[in-house]
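A.B. asks: Input structure: entry-v3.cif, which contains mmCIF, C-alpha atoms.
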data_protein
#
loop_
_atom_site.group_PDB
_atom_site.id
_atom_site.type_symbol
_atom_site.label_atom_id
_atom_site.label_comp_id
_atom_site.auth_asym_id
_atom_site.auth_seq_id
_atom_site.Cartn_x
_atom_site.Cartn_y
_atom_site.Cartn_z
ATOM 1 C CA MET A 1 30.455 -10.348 -0.329
ATOM 2 C CA ALA A 2 31.816 -13.705 0.762
ATOM 3 C CA THR A 3 33.101 -12.400 4.100
ATOM 4 C CA PRO A 4 30.541 -10.763 6.415
ATOM 5 C CA ARG A 5 31.416 -7.140 7.127
ATOM 6 C CA LEU A 6 31.260 -5.756 10.617
ATOM 7 C CA ARG A 7 29.099 -2.734 9.887
ATOM 8 C CA GLN A 8 27.729 -1.661 13.250
ATOM 9 C CA VAL A 9 28.279 -2.091 16.981
ATOM 10 C CA CYS A 10 25.372 -1.733 19.391
ATOM 11 C CA LEU A 11 25.912 -0.565 22.971
ATOM 12 C CA VAL A 12 23.354 -0.320 25.785
ATOM 13 C CA ALA A 13 22.867 2.455 28.327
ATOM 14 C CA PRO A 14 20.281 2.834 31.114
ATOM 15 C CA ALA A 15 19.099 6.082 29.481
ATOM 16 C CA LEU A 16 19.945 7.638 26.137
ATOM 17 C CA ALA A 17 20.362 11.372 26.658
ATOM 18 C CA ALA A 18 23.685 11.477 28.542
ATOM 19 C CA PRO A 19 25.702 9.051 26.376
ATOM 20 C CA GLU A 20 24.273 10.570 23.192
ATOM 21 C CA ARG A 21 25.299 14.051 24.270
ATOM 22 C CA ALA A 22 28.768 12.877 25.341
ATOM 23 C CA LEU A 23 29.487 10.907 22.165
ATOM 24 C CA ALA A 24 28.278 13.756 19.946
ATOM 25 C CA ALA A 25 30.625 16.116 21.794
ATOM 26 C CA VAL A 26 33.605 13.754 21.547
ATOM 27 C CA LEU A 27 33.105 13.051 17.845
ATOM 28 C CA GLY A 28 32.172 16.603 16.941
ATOM 29 C CA ALA A 29 29.162 15.376 14.966
ATOM 30 C CA ALA A 30 25.446 14.952 15.499
ATOM 31 C CA SER A 31 23.786 11.556 15.281
ATOM 32 C CA CYS A 32 22.630 10.369 11.865
ATOM 33 C CA HIS A 33 19.486 8.329 12.588
ATOM 34 C CA ARG A 34 16.928 7.013 15.076
ATOM 35 C CA ASP A 35 14.894 3.880 14.428
ATOM 36 C CA PRO A 36 11.201 4.319 15.284
ATOM 37 C CA HIS A 37 10.615 0.571 14.892
ATOM 38 C CA LEU A 38 12.533 -0.131 18.121
ATOM 39 C CA ALA A 39 9.637 1.157 20.211
ATOM 40 C CA ARG A 40 7.911 -2.189 19.658
ATOM 41 C CA TYR A 41 10.799 -3.778 21.585
ATOM 42 C CA GLY A 42 10.582 -1.222 24.392
ATOM 43 C CA LEU A 43 13.735 0.567 23.246
ATOM 44 C CA GLU A 44 14.934 3.852 21.811
ATOM 45 C CA ASN A 45 18.192 4.353 19.963
ATOM 46 C CA VAL A 46 20.593 6.712 18.295
ATOM 47 C CA ILE A 47 23.174 5.976 15.584
ATOM 48 C CA PHE A 48 26.423 7.782 14.839
ATOM 49 C CA ARG A 49 28.308 7.467 11.577
ATOM 50 C CA LEU A 50 32.033 6.659 11.454
ATOM 51 C CA GLY A 51 32.709 6.715 7.718
ATOM 52 C CA ASP A 52 30.849 3.671 6.387
ATOM 53 C CA ARG A 53 30.475 1.995 9.816
ATOM 54 C CA PHE A 54 28.134 2.857 12.660
ATOM 55 C CA ILE A 55 27.916 3.017 16.436
ATOM 56 C CA GLU A 56 24.466 2.529 17.931
ATOM 57 C CA ILE A 57 23.402 3.175 21.510
ATOM 58 C CA VAL A 58 20.090 1.747 22.703
ATOM 59 C CA ALA A 59 18.283 2.326 25.985
ATOM 60 C CA PRO A 60 15.177 0.699 27.502
ATOM 61 C CA ILE A 61 12.022 2.774 27.707
ATOM 62 C CA GLU A 62 9.997 -0.075 29.252
ATOM 63 C CA ASP A 63 10.634 -2.753 31.856
ATOM 64 C CA GLY A 64 11.390 -6.313 30.832
ATOM 65 C CA THR A 65 13.357 -5.665 27.640
ATOM 66 C CA ALA A 66 16.203 -7.876 26.438
ATOM 67 C CA ALA A 67 18.524 -4.872 26.546
ATOM 68 C CA GLY A 68 17.459 -4.116 30.114
ATOM 69 C CA ARG A 69 18.178 -7.710 31.154
ATOM 70 C CA PHE A 70 21.594 -7.407 29.501
ATOM 71 C CA LEU A 71 22.338 -4.337 31.638
ATOM 72 C CA GLU A 72 21.332 -6.230 34.778
ATOM 73 C CA ARG A 73 23.437 -9.294 33.939
ATOM 74 C CA SER A 74 26.501 -7.371 32.841
ATOM 75 C CA GLY A 75 26.420 -4.612 35.414
ATOM 76 C CA GLY A 76 26.499 -2.184 32.501
ATOM 77 C CA ARG A 77 29.824 -3.514 31.218
ATOM 78 C CA GLY A 78 30.402 -4.683 27.658
ATOM 79 C CA GLY A 79 28.945 -4.119 24.221
ATOM 80 C CA TYR A 80 25.579 -5.625 23.368
ATOM 81 C CA MET A 81 25.759 -6.618 19.715
ATOM 82 C CA ALA A 82 28.137 -6.958 16.759
ATOM 83 C CA ILE A 83 26.225 -6.467 13.501
ATOM 84 C CA PHE A 84 27.482 -7.860 10.190
ATOM 85 C CA ASP A 85 26.072 -7.288 6.730
ATOM 86 C CA CYS A 86 26.304 -10.160 4.274
ATOM 87 C CA GLU A 87 24.769 -11.573 1.106
ATOM 88 C CA ASP A 88 22.453 -14.138 2.693
ATOM 89 C CA PRO A 89 21.507 -13.743 6.374
ATOM 90 C CA GLU A 90 19.238 -16.789 6.270
ATOM 91 C CA ARG A 91 22.058 -19.058 5.074
ATOM 92 C CA ARG A 92 24.306 -17.648 7.795
ATOM 93 C CA ALA A 93 21.545 -18.376 10.297
ATOM 94 C CA ARG A 94 21.229 -21.983 9.110
ATOM 95 C CA ASP A 95 24.986 -22.430 9.387
ATOM 96 C CA ALA A 96 24.892 -21.021 12.931
ATOM 97 C CA GLU A 97 22.045 -23.328 13.913
ATOM 98 C CA ALA A 98 24.075 -26.283 12.612
ATOM 99 C CA LEU A 99 26.772 -25.189 15.086
ATOM 100 C CA GLY A 100 24.241 -25.162 17.922
ATOM 101 C CA VAL A 101 23.566 -21.407 17.954
ATOM 102 C CA PRO A 102 19.824 -20.728 17.531
ATOM 103 C CA VAL A 103 18.106 -17.713 16.003
ATOM 104 C CA VAL A 104 16.213 -15.541 18.499
ATOM 105 C CA ASN A 105 14.809 -12.827 16.241
ATOM 106 C CA ARG A 106 14.125 -12.044 12.581
ATOM 107 C CA MET A 107 13.372 -8.513 11.400
ATOM 108 C CA ARG A 108 11.936 -7.729 7.961
ATOM 109 C CA VAL A 109 11.341 -4.062 7.186
ATOM 110 C CA ASP A 110 11.032 -2.815 3.609
ATOM 111 C CA ALA A 111 14.180 -4.004 1.765
ATOM 112 C CA TYR A 112 15.931 -5.107 4.967
ATOM 113 C CA LEU A 113 16.358 -8.501 6.635
ATOM 114 C CA GLY A 114 18.121 -8.920 9.981
ATOM 115 C CA VAL A 115 18.696 -12.221 11.802
ATOM 116 C CA GLN A 116 19.851 -12.181 15.430
ATOM 117 C CA LEU A 117 21.521 -15.160 17.093
ATOM 118 C CA HIS A 118 21.122 -16.252 20.702
ATOM 119 C CA PRO A 119 23.470 -14.081 22.797
ATOM 120 C CA LYS A 120 24.380 -16.762 25.330
ATOM 121 C CA ALA A 121 25.249 -19.213 22.559
ATOM 122 C CA CYS A 122 27.224 -16.544 20.664
ATOM 123 C CA ARG A 123 29.214 -15.711 23.816
ATOM 124 C CA ALA A 124 30.715 -12.270 24.536
ATOM 125 C CA ALA A 125 28.079 -10.399 22.469
ATOM 126 C CA MET A 126 25.043 -11.069 20.324
ATOM 127 C CA ILE A 127 25.722 -11.497 16.593
ATOM 128 C CA GLU A 128 23.350 -10.168 13.948
ATOM 129 C CA PHE A 129 23.536 -10.866 10.210
ATOM 130 C CA ASN A 130 21.668 -8.473 7.951
ATOM 131 C CA ARG A 131 21.199 -7.424 4.362
ATOM 132 C CA THR A 132 19.744 -4.331 2.728
ATOM 133 C CA GLU A 133 18.665 -4.733 -0.887
ATOM 134 C CA GLY A 134 21.177 -2.939 -3.109
ATOM 135 C CA GLY A 135 23.661 -2.592 -0.261
ATOM 136 C CA ALA A 136 26.551 -4.684 -1.554
ATOM 137 C CA ALA A 137 28.725 -1.562 -1.925
ATOM 138 C CA LEU A 138 29.821 0.145 1.288
ATOM 139 C CA ASP A 139 28.431 3.458 0.033
ATOM 140 C CA GLY A 140 25.112 1.876 -0.904
ATOM 141 C CA PRO A 141 21.871 1.573 1.072
ATOM 142 C CA TYR A 142 22.111 0.406 4.684
ATOM 143 C CA TRP A 143 18.634 0.451 6.194
ATOM 144 C CA PRO A 144 19.588 0.544 9.919
ATOM 145 C CA ALA A 145 21.358 3.893 9.417
ATOM 146 C CA GLY A 146 18.438 5.544 7.647
ATOM 147 C CA PRO A 147 17.683 6.415 4.024
ATOM 148 C CA ASP A 148 20.186 9.294 3.761
ATOM 149 C CA TRP A 149 23.087 8.122 5.917
ATOM 150 C CA GLN A 150 25.605 9.043 3.185
ATOM 151 C CA ALA A 151 24.730 12.714 3.719
ATOM 152 C CA ALA A 152 24.946 12.529 7.510
ATOM 153 C CA PRO A 153 27.684 14.529 9.244
ATOM 154 C CA GLN A 154 31.040 12.797 9.715
ATOM 155 C CA ALA A 155 33.080 12.946 12.872
ATOM 156 C CA GLU A 156 35.312 16.027 12.983
ATOM 157 C CA PRO A 157 38.228 15.462 12.917
ATOM 158 C CA PRO A 158 37.597 12.320 10.821
ATOM 159 C CA CYS A 159 37.852 8.966 12.573
ATOM 160 C CA ARG A 160 37.004 5.380 11.718
ATOM 161 C CA LEU A 161 36.232 2.152 13.516
ATOM 162 C CA ASP A 162 39.450 0.145 13.357
ATOM 163 C CA ALA A 163 38.862 -2.818 15.678
ATOM 164 C CA VAL A 164 36.451 -4.459 18.091
ATOM 165 C CA VAL A 165 37.987 -6.137 21.146
ATOM 166 C CA LEU A 166 36.428 -9.202 22.769
ATOM 167 C CA ASP A 167 37.587 -10.576 26.121
ATOM 168 C CA SER A 168 37.529 -14.166 27.312
ATOM 169 C CA PRO A 169 39.299 -16.334 29.906
ATOM 170 C CA THR A 170 39.956 -18.586 26.880
ATOM 171 C CA PRO A 171 40.426 -16.131 23.981
ATOM 172 C CA GLY A 172 41.574 -18.787 21.523
ATOM 173 C CA ASP A 173 38.406 -20.781 22.095
ATOM 174 C CA LEU A 174 36.165 -17.722 21.701
ATOM 175 C CA ALA A 175 38.071 -16.706 18.563
ATOM 176 C CA ALA A 176 37.562 -20.156 17.043
ATOM 177 C CA HIS A 177 33.849 -20.046 17.922
ATOM 178 C CA TRP A 178 33.322 -16.662 16.270
ATOM 179 C CA GLY A 179 35.490 -17.705 13.341
ATOM 180 C CA SER A 180 33.169 -20.674 12.762
ATOM 181 C CA LEU A 181 29.997 -18.580 13.131
ATOM 182 C CA LEU A 182 31.277 -15.880 10.783
ATOM 183 C CA GLY A 183 33.063 -18.186 8.358
ATOM 184 C CA ILE A 184 36.327 -16.224 8.638
ATOM 185 C CA THR A 185 39.939 -17.163 9.288
ATOM 186 C CA VAL A 186 41.405 -16.350 12.700
ATOM 187 C CA ALA A 187 45.174 -15.877 12.913
ATOM 188 C CA ASP A 188 47.390 -17.482 15.552
ATOM 189 C CA ASP A 189 47.399 -14.207 17.511
ATOM 190 C CA HIS A 190 43.574 -14.434 17.803
ATOM 191 C CA ARG A 191 42.877 -11.681 15.302
ATOM 192 C CA ALA A 192 40.569 -11.754 12.312
ATOM 193 C CA ASP A 193 39.434 -9.362 9.597
ATOM 194 C CA ALA A 194 35.689 -8.799 9.351
ATOM 195 C CA GLY A 195 35.432 -6.888 6.104
ATOM 196 C CA GLY A 196 37.710 -3.998 7.006
ATOM 197 C CA VAL A 197 37.324 -3.962 10.792
ATOM 198 C CA ALA A 198 39.551 -6.172 12.935
ATOM 199 C CA LEU A 199 38.212 -8.534 15.582
ATOM 200 C CA ARG A 200 40.722 -8.916 18.420
ATOM 201 C CA PHE A 201 40.262 -11.629 21.033
ATOM 202 C CA GLN A 202 42.225 -11.093 24.237
ATOM 203 C CA PRO A 203 42.455 -12.548 27.762
ATOM 204 C CA GLY A 204 39.890 -11.201 30.190
ATOM 205 C CA ARG A 205 38.118 -12.125 33.396
ATOM 206 C CA LYS A 206 34.758 -12.636 31.683
ATOM 207 C CA GLU A 207 33.511 -12.894 28.129
ATOM 208 C CA CYS A 208 32.359 -9.571 26.759
ATOM 209 C CA LEU A 209 32.819 -7.064 23.973
ATOM 210 C CA SER A 210 35.117 -4.840 26.010
ATOM 211 C CA ALA A 211 36.497 -2.126 23.726
ATOM 212 C CA LEU A 212 36.356 -0.267 20.437
ATOM 213 C CA SER A 213 39.480 1.023 18.717
ATOM 214 C CA LEU A 214 39.093 4.215 16.670
ATOM 215 C CA ARG A 215 41.681 5.800 14.394
ATOM 216 C CA SER A 216 41.529 9.573 14.272
ATOM 217 C CA ALA A 217 43.442 12.372 12.632
ATOM 218 C CA ASP A 218 43.651 14.063 16.066
ATOM 219 C CA PRO A 219 43.149 11.606 18.934
ATOM 220 C CA ASP A 220 44.388 14.139 21.495
ATOM 221 C CA LEU A 221 41.527 16.488 20.605
ATOM 222 C CA LEU A 222 38.983 13.698 21.033
ATOM 223 C CA LEU A 223 40.497 12.804 24.404
ATOM 224 C CA ALA A 224 40.320 16.441 25.500
ATOM 225 C CA ARG A 225 36.659 16.560 24.523
ATOM 226 C CA ALA A 226 36.013 13.330 26.457
ATOM 227 C CA GLY A 227 37.603 14.845 29.547
ATOM 228 C CA ALA A 228 35.540 18.007 29.148
ATOM 229 C CA GLU A 229 32.400 15.821 29.132
ATOM 230 C CA GLY A 230 33.421 14.292 32.452
ATOM 231 C CA LEU A 231 34.237 10.873 30.999
ATOM 232 C CA ALA A 232 36.951 8.746 32.583
ATOM 233 C CA VAL A 233 40.076 9.285 30.460
ATOM 234 C CA ASP A 234 43.401 7.443 30.736
ATOM 235 C CA ARG A 235 46.115 5.852 28.577
ATOM 236 C CA GLY A 236 44.814 7.180 25.289
ATOM 237 C CA GLY A 237 41.193 6.187 25.769
ATOM 238 C CA PHE A 238 37.939 6.859 27.584
ATOM 239 C CA GLU A 239 34.945 4.974 28.973
ATOM 240 C CA LEU A 240 31.437 5.404 27.562
ATOM 241 C CA ALA A 241 28.314 3.204 27.385
ATOM 242 C CA GLY A 242 29.961 0.203 28.998
ATOM 243 C CA VAL A 243 33.044 -0.077 26.787
ATOM 244 C CA ARG A 244 36.509 1.443 26.494
ATOM 245 C CA TRP A 245 37.155 3.604 23.453
ATOM 246 C CA GLN A 246 40.826 3.423 22.527
ATOM 247 C CA LEU A 247 42.033 6.210 20.252
ATOM 248 C CA GLU A 248 44.920 5.744 17.817
ATOM 249 C CA GLN A 249 46.587 8.108 15.373
ATOM 250 C CA GLY A 250 45.677 7.489 11.769
#
Can you dump the structure from the file as structure tokens?
C.D. replies:
Amino acid sequence: MATPRLRQVCLVAPALAAPERALAAVLGAASCHRDPHLARYGLENVIFRLGDRFIEIVAPIEDGTAAGRFLERSGGRGGYMAIFDCEDPERRARDAEALGVPVVNRMRVDAYLGVQLHPKACRAAMIEFNRTEGGAALDGPYWPAGPDWQAAPQAEPPCRLDAVVLDSPTPGDLAAHWGSLLGITVADDHRADAGGVALRFQPGRKECLSALSLRSADPDLLLARAGAEGLAVDRGGFELAGVRWQLEQG
């Protein structure tokens, strides 16, 4: 697993119930897991499965949380975290620290190790490297999604996470920074492959994780469901939990 794989994207909402209900309705599938360990950080969460990748939404349940401060700083716009699984999170962390990006949190639970980098130094979104013992294969264990994620309901109609979009006034500079942190090659058009999910860096007014691109067998149905949930829908996408969800056929 030489290249880290983008396995999960974490979004933040002021409260969990409304975005969870809306996303479940759009995807046509219930959530697959909740992490009880997040209560120690003053958070609650829910995770949805998109094939072998995952979308997480977290919400503060106490004052003074890092996620709550993110909401205040961002005005509720932008994704919170891009989560990559890899062979050796600690080596990735040392490489990041050599580039001037410090570690802010380490999580060890059972056969899982997660290392989170400083969000301001990462720029656009926090980066986490993690590893679950025995999880080298995409259909193997992945602790953040629960012990039985492989049996969790899929989106219906099927859809997959195709790309994550990051904005910056200087997209080439941000792309080079993330390329160095992740140890991946970034093309001249500011695109990179992160283990089967594309990272796309584009011009934007501020640095943030601005959008997710999903490929679906029936994007029109998903858009209709989004409209029925009262979400803002336009140009083949909708807004939910601070980011734009762009739907493509495929």
A.B. asks: Here is a test: counting all atoms listed in the file, which residue of A:Ala163, A:Ala175, A:Ala18, A:Val58 is nearest to Leu214 (chain A)?
C.D. replies: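 Among the listed residues, the smallest separation from Leu214 (chain A) belongs to A:Ala163.
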A.B. asks: Care to translate the PyMOL selection byres ((chain A and resi 139) around 10) into actual residues of this file, as a PyMOL selection string?
C.D. replies: chain A and resi 51-52+135-138+140-142+149-150
A.B. asks: Save out the residues we just selected, C-alpha atoms, as an mmCIF file, keeping the file's coordinate frame.
C.D. replies:
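Dumped everything to again_34.cif:
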data_model
loop_
_atom_site.group_PDB
_atom_site.id
_atom_site.type_symbol
_atom_site.label_atom_id
_atom_site.label_comp_id
_atom_site.auth_asym_id
_atom_site.auth_seq_id
_atom_site.Cartn_x
_atom_site.Cartn_y
_atom_site.Cartn_z
ATOM 1 C CA GLY A 51 32.709 6.715 7.718
ATOM 2 C CA ASP A 52 30.849 3.671 6.387
ATOM 3 C CA GLY A 135 23.661 -2.592 -0.261
ATOM 4 C CA ALA A 136 26.551 -4.684 -1.554
ATOM 5 C CA ALA A 137 28.725 -1.562 -1.925
ATOM 6 C CA LEU A 138 29.821 0.145 1.288
ATOM 7 C CA GLY A 140 25.112 1.876 -0.904
ATOM 8 C CA PRO A 141 21.871 1.573 1.072
ATOM 9 C CA TYR A 142 22.111 0.406 4.684
ATOM 10 C CA TRP A 149 23.087 8.122 5.917
ATOM 11 C CA GLN A 150 25.605 9.043 3.185
#
A.B. asks: Give me, as a list in words, all polymer residues having an atom no more than 9 Å from Glu90 (chain A), counting only C-alpha atoms and skipping those fewer than 2 positions away in the same chain.
C.D. replies: Asp88, Arg92, Ala93, Arg94, Asp95, Leu113, Gly114, Val115, Phe129 and Asn130 of chain A
A.B. asks: For a quick check of understanding, using all atoms listed in the file, which of A:Arg131, A:Arg34, A:His190, A:Arg160 has the smallest distance to Ala217 (chain A)?
C.D. replies: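 Of the candidates, the smallest distance to Ala217 (chain A) is held by A:Arg160.
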A.B. asks: Using all atoms listed in the file, determine which residues lie at most 12 Å from Leu43 (chain A), disregarding the query and same-chain residues fewer than 5 positions distant; provide the list as a list of chain:residue names.
C.D. replies: A:Val12, A:Ala13, A:Pro14, A:Ala15, A:Leu16, A:Arg34, A:Asp35, A:Pro36, A:His37, A:Leu38, A:Ile57, A:Val58, A:Ala59, A:Pro60, A:Ile61, A:Glu62, A:Asp63, A:Gly64, A:Thr65, A:Ala66, A:Ala67, A:Gly68
A.B. asks: Residue by residue, what does the PyMOL selection byres ((chain A and resi 164) around 10) grab here? Present the result as a ChimeraX atom specification.
C.D. replies: /A:6,9,79,82,161-163,165-166,194,197-201,209-214,245
A.B. asks: To verify the selection step, state as a list in words which residues the PyMOL selection byres ((chain A and resi 111) around 9) yields on this input.
C.D. replies: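 That expression, the PyMOL selection byres ((chain A and resi 111) around 9), corresponds here to Arg108, Val109, Asp110, Tyr112, Leu113, Arg131, Thr132, Glu133, Gly134 and Trp143 of chain A.
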A.B. asks: So how many Å separate CA of Arg225 (chain A) and CA of Ala25 (chain A), to one decimal?
C.D. replies: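 Result for CA of Arg225 (chain A) versus CA of Ala25 (chain A): 6.6 Å, one decimal.
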A.B. asks: For the atom pair CA of Leu71 (chain A) and CA of Cys32 (chain A), what is the interatomic distance in Å to one decimal place?
C.D. replies: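 Value for the CA of Leu71 (chain A)-CA of Cys32 (chain A) distance: 24.6 Å.
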A.B. asks: Could you name the residues that touch Leu174 (chain A) at 12 Å or less, counting all atoms listed in the file, but leaving out those on the same chain fewer than 2 positions away, as a ChimeraX atom specification?
C.D. replies: /A:121-125,165-172,176-181,186,190-192,199-204,206-209
